[in-house]
Amino acid sequence: MRYLTAGESHGPQLTAILEGVPAGLALCAEHINKELARRQKGYGRGRRMQIEKDEVKITGGVRHGKTLGSPIALVVENRDFKHWQTIMAVEPIDDEAEVKRKVTRPRPGHADLNGALKYGHRDMRNVLERSSARETTVRVAAGAVAKRILEEVGIRVAGHVIEIGGVRAEKLDYRSLEELQAVTEESPVRCFDPEAGQKMMETIDWAKKNGDSIGGIVEVIVEGVPAGVGSYVHYDRKLDAKIAAAIVSINAFKGVEFGIGFEAARRPGSEVHDEIIWSPEQGFSRRTNRAGGFEGGVTTGMPIVVRGVMKPIPTLYKPLQSVDIETKEPFAASIERSDSCAVPAASVVAEAVVAWEVAAAIVEQFGQDRMDLIKENVERARRYAKEF
Ligand code: EPS
């Protein structure tokens with residue numbers, strides 16, 4: 001399975017084309033819209049989210065509520081486009097003033113300057129329109145389709161926020177993934193620990209008041225993945241590596257870790273590796289899950305636990321120094337509107353990209369074309385592992 005996205009932040013629409021989704025999967029707009037709505041929420045979002053109400057239109061690959069096996073085309077319109085029709089027009093424009101109104105001042109931390117150098121753009125709107133995190137809308141739509149596949153084979157995905165602006169969730173004693181989902185869905189910062197959540201919101205208020213932005217850490221947990229998915233024999237088929245790439249591909253993400261992650265560098269091996277146990281009910285399992293669900297690029301059957309770090313959004317009200325690409329004069333970058341924190345929304349995006357990679361690996365390993373056969377094969381793999 002693979003997908004491509006197209007579309008600019010203030011253009012008419014965003015599009016995703018998904019290839020390789022098996023036939024016979026129940027899918028309708030509602031499955032996708034609920035995920036799009038989740039991504040739009042979150043304390044710290046700016047005014048753009050008051051304009052948009054993201055809703056998908058499925059324009060290919062689905063008939064009578066079931067996937068056909070053909071490419072699935074998903075479209076989400078940008079409501080804000082109506083304010084940008086000249087600036088973002090597809091056809092050449094005559095409006096002199098608009099033609100001259102170029103973006104020539106790169107924002108530190110954004111793709112503006114590097115993108116301009118790469119493609120030879122002297123109007124950096126040609127870069128920022130595409131590098132905008134608006135694109136994550138259709139990545140979440142693709143992830144919603146992946147989640148449908150996973151649901152069919154008994155795999156659950158949950159994402160939550162564990163840190164914002166230095167405030168860390170301490171109380172993480174949830175008893176099930178369902179409880180984690182129910183509680184974080186009600187939290188404006190998608191945090192399980194209500195006290196930490198409150199402090200996170202205060203920190204976001206502080207950032208907003210000071211024209212600043214803050215980042216954080218999100219975690220995604222995937223339960224129910226059979227052991228043996230992925231590869232230890234090919235570097236480019238290691239599932240943890242694919243998930244790591246997917247996480248770092250999210251706008252503003254700078255790092256990733258599995259299980260105890262970077263902490264493994266500070267502990268002896270005896271406190272890092274997970275002891276192997278066996279019971280007739282469960283078959284093989286691990287006493288702990290410090291590895292975060294992977295050994296050798298292959299799933300262990302324990303939950304996948306992956307965290308990603310998001311830097312503060314680079315579009316700041318508080319000016320940072322930069323240089324105009326035309327005049328070469330220094331200036332203090334400032335903007336009109338931005339999110340002061342998008343970590344809660346990013347946790348929904350992280351769920352989506354992880355779901356996509358896991359679903360793609362499941363489809364590749366267990367049957368490819370037909371959802372009914374994939375389901376049977378996953379069940380068979382589970383039975384085999386138990387009886388092994
Ligand atoms: C973004 C800038 C803001 C955000 C946007 C990402 O948009 P605008 O420039 O229109 O104010 O709101 O995020 C979204 C539109 C979204 O759907 O998440 C950026 O520069 O990355």
# chains A, B, ... in the order shown; residues from 1 in each chain; ligands from 1

$ residues_near_ligand --ligand "ligand 1" --cutoff "9 Å" --atoms "only C-alpha atoms and all ligand atoms" --output "PDB file with N, CA and C atoms, in the first residue's frame"
ATOM      1  N   SER A   9      -2.007  24.733   1.032  1.00  0.00           N
ATOM      2  CA  SER A   9      -2.752  25.094   2.243  1.00  0.00           C
ATOM      3  C   SER A   9      -3.945  26.001   1.955  1.00  0.00           C
ATOM      4  N   HIS A  10      -3.759  26.986   1.046  1.00  0.00           N
ATOM      5  CA  HIS A  10      -4.862  27.901   0.746  1.00  0.00           C
ATOM      6  C   HIS A  10      -5.385  27.716  -0.679  1.00  0.00           C
ATOM      7  N   ARG A  39      -8.613  15.735  14.488  1.00  0.00           N
ATOM      8  CA  ARG A  39      -7.386  16.489  14.185  1.00  0.00           C
ATOM      9  C   ARG A  39      -7.588  17.993  14.291  1.00  0.00           C
ATOM     10  N   GLN A  40      -8.813  18.444  14.065  1.00  0.00           N
ATOM     11  CA  GLN A  40      -9.060  19.897  14.088  1.00  0.00           C
ATOM     12  C   GLN A  40      -9.112  20.467  15.507  1.00  0.00           C
ATOM     13  N   ARG A  45      -4.801  25.846  19.178  1.00  0.00           N
ATOM     14  CA  ARG A  45      -4.979  26.028  17.742  1.00  0.00           C
ATOM     15  C   ARG A  45      -5.321  27.478  17.440  1.00  0.00           C
ATOM     16  N   GLY A  46      -4.982  27.939  16.232  1.00  0.00           N
ATOM     17  CA  GLY A  46      -5.218  29.334  15.867  1.00  0.00           C
ATOM     18  C   GLY A  46      -6.548  29.536  15.158  1.00  0.00           C
ATOM     19  N   ARG A  47      -6.676  30.678  14.503  1.00  0.00           N
ATOM     20  CA  ARG A  47      -7.973  31.062  13.908  1.00  0.00           C
ATOM     21  C   ARG A  47      -8.337  30.273  12.652  1.00  0.00           C
ATOM     22  N   ARG A  48      -7.342  29.697  11.995  1.00  0.00           N
ATOM     23  CA  ARG A  48      -7.653  28.953  10.759  1.00  0.00           C
ATOM     24  C   ARG A  48      -8.666  27.835  11.019  1.00  0.00           C
ATOM     25  N   MET A  49      -8.530  27.198  12.167  1.00  0.00           N
ATOM     26  CA  MET A  49      -9.425  26.075  12.450  1.00  0.00           C
ATOM     27  C   MET A  49     -10.873  26.495  12.660  1.00  0.00           C
ATOM     28  N   GLU A  52     -12.135  26.365   8.861  1.00  0.00           N
ATOM     29  CA  GLU A  52     -12.290  25.055   8.220  1.00  0.00           C
ATOM     30  C   GLU A  52     -13.240  24.140   8.984  1.00  0.00           C
ATOM     31  N   ASP A  54     -13.366  20.305   8.180  1.00  0.00           N
ATOM     32  CA  ASP A  54     -12.877  19.318   7.228  1.00  0.00           C
ATOM     33  C   ASP A  54     -13.829  18.148   7.047  1.00  0.00           C
ATOM     34  N   ASN A  78     -10.610  23.181   0.993  1.00  0.00           N
ATOM     35  CA  ASN A  78     -10.186  24.252   1.901  1.00  0.00           C
ATOM     36  C   ASN A  78     -11.229  25.368   1.846  1.00  0.00           C
ATOM     37  N   ASP A  80     -11.057  28.087   3.355  1.00  0.00           N
ATOM     38  CA  ASP A  80     -10.329  29.364   3.337  1.00  0.00           C
ATOM     39  C   ASP A  80      -9.978  29.809   1.919  1.00  0.00           C
ATOM     40  N   HIS A 110      11.246  27.221   9.331  1.00  0.00           N
ATOM     41  CA  HIS A 110      10.312  26.721   8.320  1.00  0.00           C
ATOM     42  C   HIS A 110      11.090  26.255   7.095  1.00  0.00           C
ATOM     43  N   LEU A 128       5.804  27.705   1.037  1.00  0.00           N
ATOM     44  CA  LEU A 128       5.081  27.592   2.314  1.00  0.00           C
ATOM     45  C   LEU A 128       3.680  27.025   2.159  1.00  0.00           C
ATOM     46  N   GLU A 129       3.094  27.193   0.978  1.00  0.00           N
ATOM     47  CA  GLU A 129       1.760  26.654   0.758  1.00  0.00           C
ATOM     48  C   GLU A 129       1.736  25.134   0.851  1.00  0.00           C
ATOM     49  N   ARG A 130       2.833  24.523   0.432  1.00  0.00           N
ATOM     50  CA  ARG A 130       2.883  23.064   0.428  1.00  0.00           C
ATOM     51  C   ARG A 130       3.534  22.521   1.701  1.00  0.00           C
ATOM     52  N   SER A 131       4.494  23.283   2.250  1.00  0.00           N
ATOM     53  CA  SER A 131       5.165  22.772   3.454  1.00  0.00           C
ATOM     54  C   SER A 131       4.281  22.944   4.691  1.00  0.00           C
ATOM     55  N   SER A 132       3.180  23.677   4.546  1.00  0.00           N
ATOM     56  CA  SER A 132       2.243  23.867   5.663  1.00  0.00           C
ATOM     57  C   SER A 132       1.701  22.539   6.185  1.00  0.00           C
ATOM     58  N   ALA A 133       1.477  22.511   7.489  1.00  0.00           N
ATOM     59  CA  ALA A 133       0.920  21.303   8.121  1.00  0.00           C
ATOM     60  C   ALA A 133      -0.540  21.064   7.747  1.00  0.00           C
ATOM     61  N   ARG A 134      -1.103  21.949   6.944  1.00  0.00           N
ATOM     62  CA  ARG A 134      -2.449  21.698   6.426  1.00  0.00           C
ATOM     63  C   ARG A 134      -2.505  20.346   5.700  1.00  0.00           C
ATOM     64  N   GLU A 135      -1.366  19.956   5.127  1.00  0.00           N
ATOM     65  CA  GLU A 135      -1.299  18.695   4.365  1.00  0.00           C
ATOM     66  C   GLU A 135      -1.623  17.480   5.241  1.00  0.00           C
ATOM     67  N   THR A 136      -1.433  17.632   6.557  1.00  0.00           N
ATOM     68  CA  THR A 136      -1.689  16.486   7.437  1.00  0.00           C
ATOM     69  C   THR A 136      -3.171  16.107   7.465  1.00  0.00           C
ATOM     70  N   THR A 137      -4.026  17.005   6.976  1.00  0.00           N
ATOM     71  CA  THR A 137      -5.458  16.678   6.890  1.00  0.00           C
ATOM     72  C   THR A 137      -5.670  15.390   6.096  1.00  0.00           C
ATOM     73  N   ASN A 251       5.086  17.137   9.895  1.00  0.00           N
ATOM     74  CA  ASN A 251       5.608  18.503   9.979  1.00  0.00           C
ATOM     75  C   ASN A 251       6.043  18.833  11.406  1.00  0.00           C
ATOM     76  N   ALA A 252       7.240  19.387  11.548  1.00  0.00           N
ATOM     77  CA  ALA A 252       7.794  19.859  12.823  1.00  0.00           C
ATOM     78  C   ALA A 252       8.283  18.742  13.745  1.00  0.00           C
ATOM     79  N   ILE A 313       6.111  25.278  16.847  1.00  0.00           N
ATOM     80  CA  ILE A 313       5.799  25.757  15.488  1.00  0.00           C
ATOM     81  C   ILE A 313       6.666  26.974  15.167  1.00  0.00           C
ATOM     82  N   PRO A 314       7.307  26.994  13.997  1.00  0.00           N
ATOM     83  CA  PRO A 314       8.242  28.096  13.701  1.00  0.00           C
ATOM     84  C   PRO A 314       7.569  29.425  13.335  1.00  0.00           C
ATOM     85  N   THR A 315       6.267  29.398  13.043  1.00  0.00           N
ATOM     86  CA  THR A 315       5.589  30.653  12.713  1.00  0.00           C
ATOM     87  C   THR A 315       5.245  31.372  14.017  1.00  0.00           C
ATOM     88  N   GLU A 336       0.796  37.062  10.899  1.00  0.00           N
ATOM     89  CA  GLU A 336      -0.567  37.505  11.191  1.00  0.00           C
ATOM     90  C   GLU A 336      -1.375  36.515  12.008  1.00  0.00           C
ATOM     91  N   ARG A 337      -1.217  35.228  11.737  1.00  0.00           N
ATOM     92  CA  ARG A 337      -1.945  34.235  12.536  1.00  0.00           C
ATOM     93  C   ARG A 337      -1.182  32.919  12.561  1.00  0.00           C
ATOM     94  N   SER A 338      -1.327  32.205  13.661  1.00  0.00           N
ATOM     95  CA  SER A 338      -0.629  30.930  13.802  1.00  0.00           C
ATOM     96  C   SER A 338      -1.234  30.139  14.953  1.00  0.00           C
ATOM     97  N   ASP A 339      -0.880  28.862  15.023  1.00  0.00           N
ATOM     98  CA  ASP A 339      -1.215  28.069  16.212  1.00  0.00           C
ATOM     99  C   ASP A 339      -0.069  28.284  17.196  1.00  0.00           C
ATOM    100  N   ALA A 342       0.375  22.914  18.466  1.00  0.00           N
ATOM    101  CA  ALA A 342      -0.441  21.964  17.692  1.00  0.00           C
ATOM    102  C   ALA A 342      -0.121  20.528  18.095  1.00  0.00           C
ATOM    103  N   ALA A 345      -3.180  18.070  18.166  1.00  0.00           N
ATOM    104  CA  ALA A 345      -3.575  17.678  16.808  1.00  0.00           C
ATOM    105  C   ALA A 345      -2.531  16.732  16.215  1.00  0.00           C
ATOM    106  N   ALA A 346      -1.265  17.003  16.517  1.00  0.00           N
ATOM    107  CA  ALA A 346      -0.190  16.157  15.976  1.00  0.00           C
ATOM    108  C   ALA A 346      -0.274  14.724  16.499  1.00  0.00           C
TER     109      ALA A 346
END

$ residues_around --residues "range 111-126 of chain A" --least-positions-apart "6" --cutoff "6 Å" --atoms "only C-alpha atoms" --output "list in words"
Lys102, Val103 and Thr104 of chain A

$ residues_around --residues "Phe81 in chain A" --least-positions-apart "5" --cutoff "12 Å" --atoms "only C-alpha atoms" --output "ChimeraX atom specification"
/A:7-14,48,51-52,76,86-90,129

$ atom_distance --atom1 "CA of Met1 in chain A" --atom2 "CA of Glu357 in chain A"
8.7 Å

$ select_by_dssp --residues "range 116-292 of chain A" --states "strand (DSSP E)" --output "PyMOL selection string"
chain A and resi 156-164+167-168+216-223+253-258+276-279+283-286

$ residues_around --residues "range 214-230 of chain A" --least-positions-apart "5" --cutoff "7 Å" --atoms "only C-alpha atoms" --output "number ranges by chain"
A: 154-165, 207, 237-239, 297-301, 303-313, 340-341, 343, 347, 350-351, 361, 382

$ residues_around --residues "range 145-149 of chain A" --least-positions-apart "4" --cutoff "8 Å" --atoms "only C-alpha atoms" --output "PDB file with N, CA, C and O atoms, in the first residue's frame"
ATOM      1  N   LEU A  25     -13.335  -4.007   1.912  1.00  0.00           N
ATOM      2  CA  LEU A  25     -13.256  -3.337   3.211  1.00  0.00           C
ATOM      3  C   LEU A  25     -14.438  -2.360   3.323  1.00  0.00           C
ATOM      4  O   LEU A  25     -14.641  -1.530   2.444  1.00  0.00           O
ATOM      5  N   ALA A  26     -15.199  -2.468   4.407  1.00  0.00           N
ATOM      6  CA  ALA A  26     -16.310  -1.526   4.601  1.00  0.00           C
ATOM      7  C   ALA A  26     -15.732  -0.140   4.866  1.00  0.00           C
ATOM      8  O   ALA A  26     -14.893   0.037   5.754  1.00  0.00           O
ATOM      9  N   LEU A  27     -16.150   0.833   4.073  1.00  0.00           N
ATOM     10  CA  LEU A  27     -15.598   2.187   4.201  1.00  0.00           C
ATOM     11  C   LEU A  27     -16.621   3.222   3.742  1.00  0.00           C
ATOM     12  O   LEU A  27     -17.195   3.090   2.659  1.00  0.00           O
ATOM     13  N   HIS A  31     -16.394   7.245   8.540  1.00  0.00           N
ATOM     14  CA  HIS A  31     -15.179   6.703   9.173  1.00  0.00           C
ATOM     15  C   HIS A  31     -14.047   7.725   9.115  1.00  0.00           C
ATOM     16  O   HIS A  31     -13.248   7.851  10.039  1.00  0.00           O
ATOM     17  N   ILE A  32     -13.954   8.431   7.997  1.00  0.00           N
ATOM     18  CA  ILE A  32     -12.854   9.378   7.792  1.00  0.00           C
ATOM     19  C   ILE A  32     -13.158  10.709   8.492  1.00  0.00           C
ATOM     20  O   ILE A  32     -12.288  11.284   9.147  1.00  0.00           O
ATOM     21  N   ALA A 141      -6.782  11.407   6.759  1.00  0.00           N
ATOM     22  CA  ALA A 141      -7.817  10.708   5.989  1.00  0.00           C
ATOM     23  C   ALA A 141      -7.295   9.336   5.538  1.00  0.00           C
ATOM     24  O   ALA A 141      -7.993   8.321   5.668  1.00  0.00           O
ATOM     25  N   VAL A 153      -9.014  -6.654  11.592  1.00  0.00           N
ATOM     26  CA  VAL A 153      -8.164  -7.763  12.038  1.00  0.00           C
ATOM     27  C   VAL A 153      -7.826  -7.646  13.531  1.00  0.00           C
ATOM     28  O   VAL A 153      -6.870  -8.248  14.015  1.00  0.00           O
ATOM     29  N   ARG A 156      -5.798  -2.353  17.460  1.00  0.00           N
ATOM     30  CA  ARG A 156      -6.284  -1.040  17.920  1.00  0.00           C
ATOM     31  C   ARG A 156      -5.125  -0.049  18.031  1.00  0.00           C
ATOM     32  O   ARG A 156      -4.020  -0.417  18.428  1.00  0.00           O
ATOM     33  N   VAL A 157      -5.433   1.207  17.697  1.00  0.00           N
ATOM     34  CA  VAL A 157      -4.405   2.257  17.711  1.00  0.00           C
ATOM     35  C   VAL A 157      -4.898   3.405  18.583  1.00  0.00           C
ATOM     36  O   VAL A 157      -6.034   3.857  18.428  1.00  0.00           O
ATOM     37  N   ALA A 352      -2.393   8.366  12.776  1.00  0.00           N
ATOM     38  CA  ALA A 352      -2.732   8.075  11.380  1.00  0.00           C
ATOM     39  C   ALA A 352      -1.530   7.494  10.626  1.00  0.00           C
ATOM     40  O   ALA A 352      -1.662   6.492   9.923  1.00  0.00           O
ATOM     41  N   ALA A 355      -0.726   4.033  11.938  1.00  0.00           N
ATOM     42  CA  ALA A 355      -1.756   3.088  11.474  1.00  0.00           C
ATOM     43  C   ALA A 355      -1.493   2.696  10.026  1.00  0.00           C
ATOM     44  O   ALA A 355      -1.609   1.529   9.650  1.00  0.00           O
ATOM     45  N   TRP A 356      -1.114   3.685   9.199  1.00  0.00           N
ATOM     46  CA  TRP A 356      -0.861   3.387   7.786  1.00  0.00           C
ATOM     47  C   TRP A 356       0.264   2.363   7.633  1.00  0.00           C
ATOM     48  O   TRP A 356       0.142   1.379   6.891  1.00  0.00           O
ATOM     49  N   ALA A 359      -0.830  -1.108   8.885  1.00  0.00           N
ATOM     50  CA  ALA A 359      -1.797  -1.713   7.963  1.00  0.00           C
ATOM     51  C   ALA A 359      -1.100  -2.163   6.675  1.00  0.00           C
ATOM     52  O   ALA A 359      -1.379  -3.253   6.154  1.00  0.00           O
ATOM     53  N   ALA A 360      -0.182  -1.339   6.177  1.00  0.00           N
ATOM     54  CA  ALA A 360       0.531  -1.697   4.945  1.00  0.00           C
ATOM     55  C   ALA A 360       1.339  -2.986   5.147  1.00  0.00           C
ATOM     56  O   ALA A 360       1.376  -3.851   4.265  1.00  0.00           O
ATOM     57  N   MET A 371      -9.847  -8.471   1.611  1.00  0.00           N
ATOM     58  CA  MET A 371      -9.945  -8.285   3.057  1.00  0.00           C
ATOM     59  C   MET A 371     -10.310  -9.597   3.761  1.00  0.00           C
ATOM     60  O   MET A 371      -9.777  -9.904   4.821  1.00  0.00           O
TER      61      MET A 371
END

$ residues_around --residues "Asn210 in chain A" --least-positions-apart "3" --cutoff "10 Å" --atoms "only C-alpha atoms" --output "PyMOL selection string"
chain A and resi 204-207+213+316-318+340

$ atom_distance --atom1 "CA of Ser176 in chain A" --atom2 "CA of Asp372 in chain A"
27.9 Å

$ closest_residue --among "A:Pro268, A:Gly211, A:Gly292, A:Gly42" --to "Asp240 in chain A" --atoms "only C-alpha atoms"
A:Gly292

$ closest_residue --among "A:Glu195, A:Glu364, A:Glu379, A:Glu55" --to "Ala37 in chain A" --atoms "only C-alpha atoms"
A:Glu55

$ select_by_dssp --residues "range 195-234 of chain A" --states "helix (DSSP H, G or I)" --output "PyMOL selection string"
chain A and resi 195-209

$ atom_distance --atom1 "CA of Ala142 in chain A" --atom2 "CA of Ala6 in chain A"
12.6 Å

$ closest_residue --among "A:Arg168, A:Arg266, A:Arg287, A:Lys82" --to "Phe192 in chain A" --atoms "only C-alpha atoms"
A:Arg168

$ residues_around --residues "Ser279 in chain A" --least-positions-apart "6" --cutoff "12 Å" --atoms "only C-alpha atoms" --output "VMD selection string"
chain A and resid 285 to 287 385 to 388

$ closest_residue --among "A:Arg79, A:Arg380, A:Ile362, A:Cys28" --to "His64 in chain A" --atoms "only C-alpha atoms"
A:Cys28
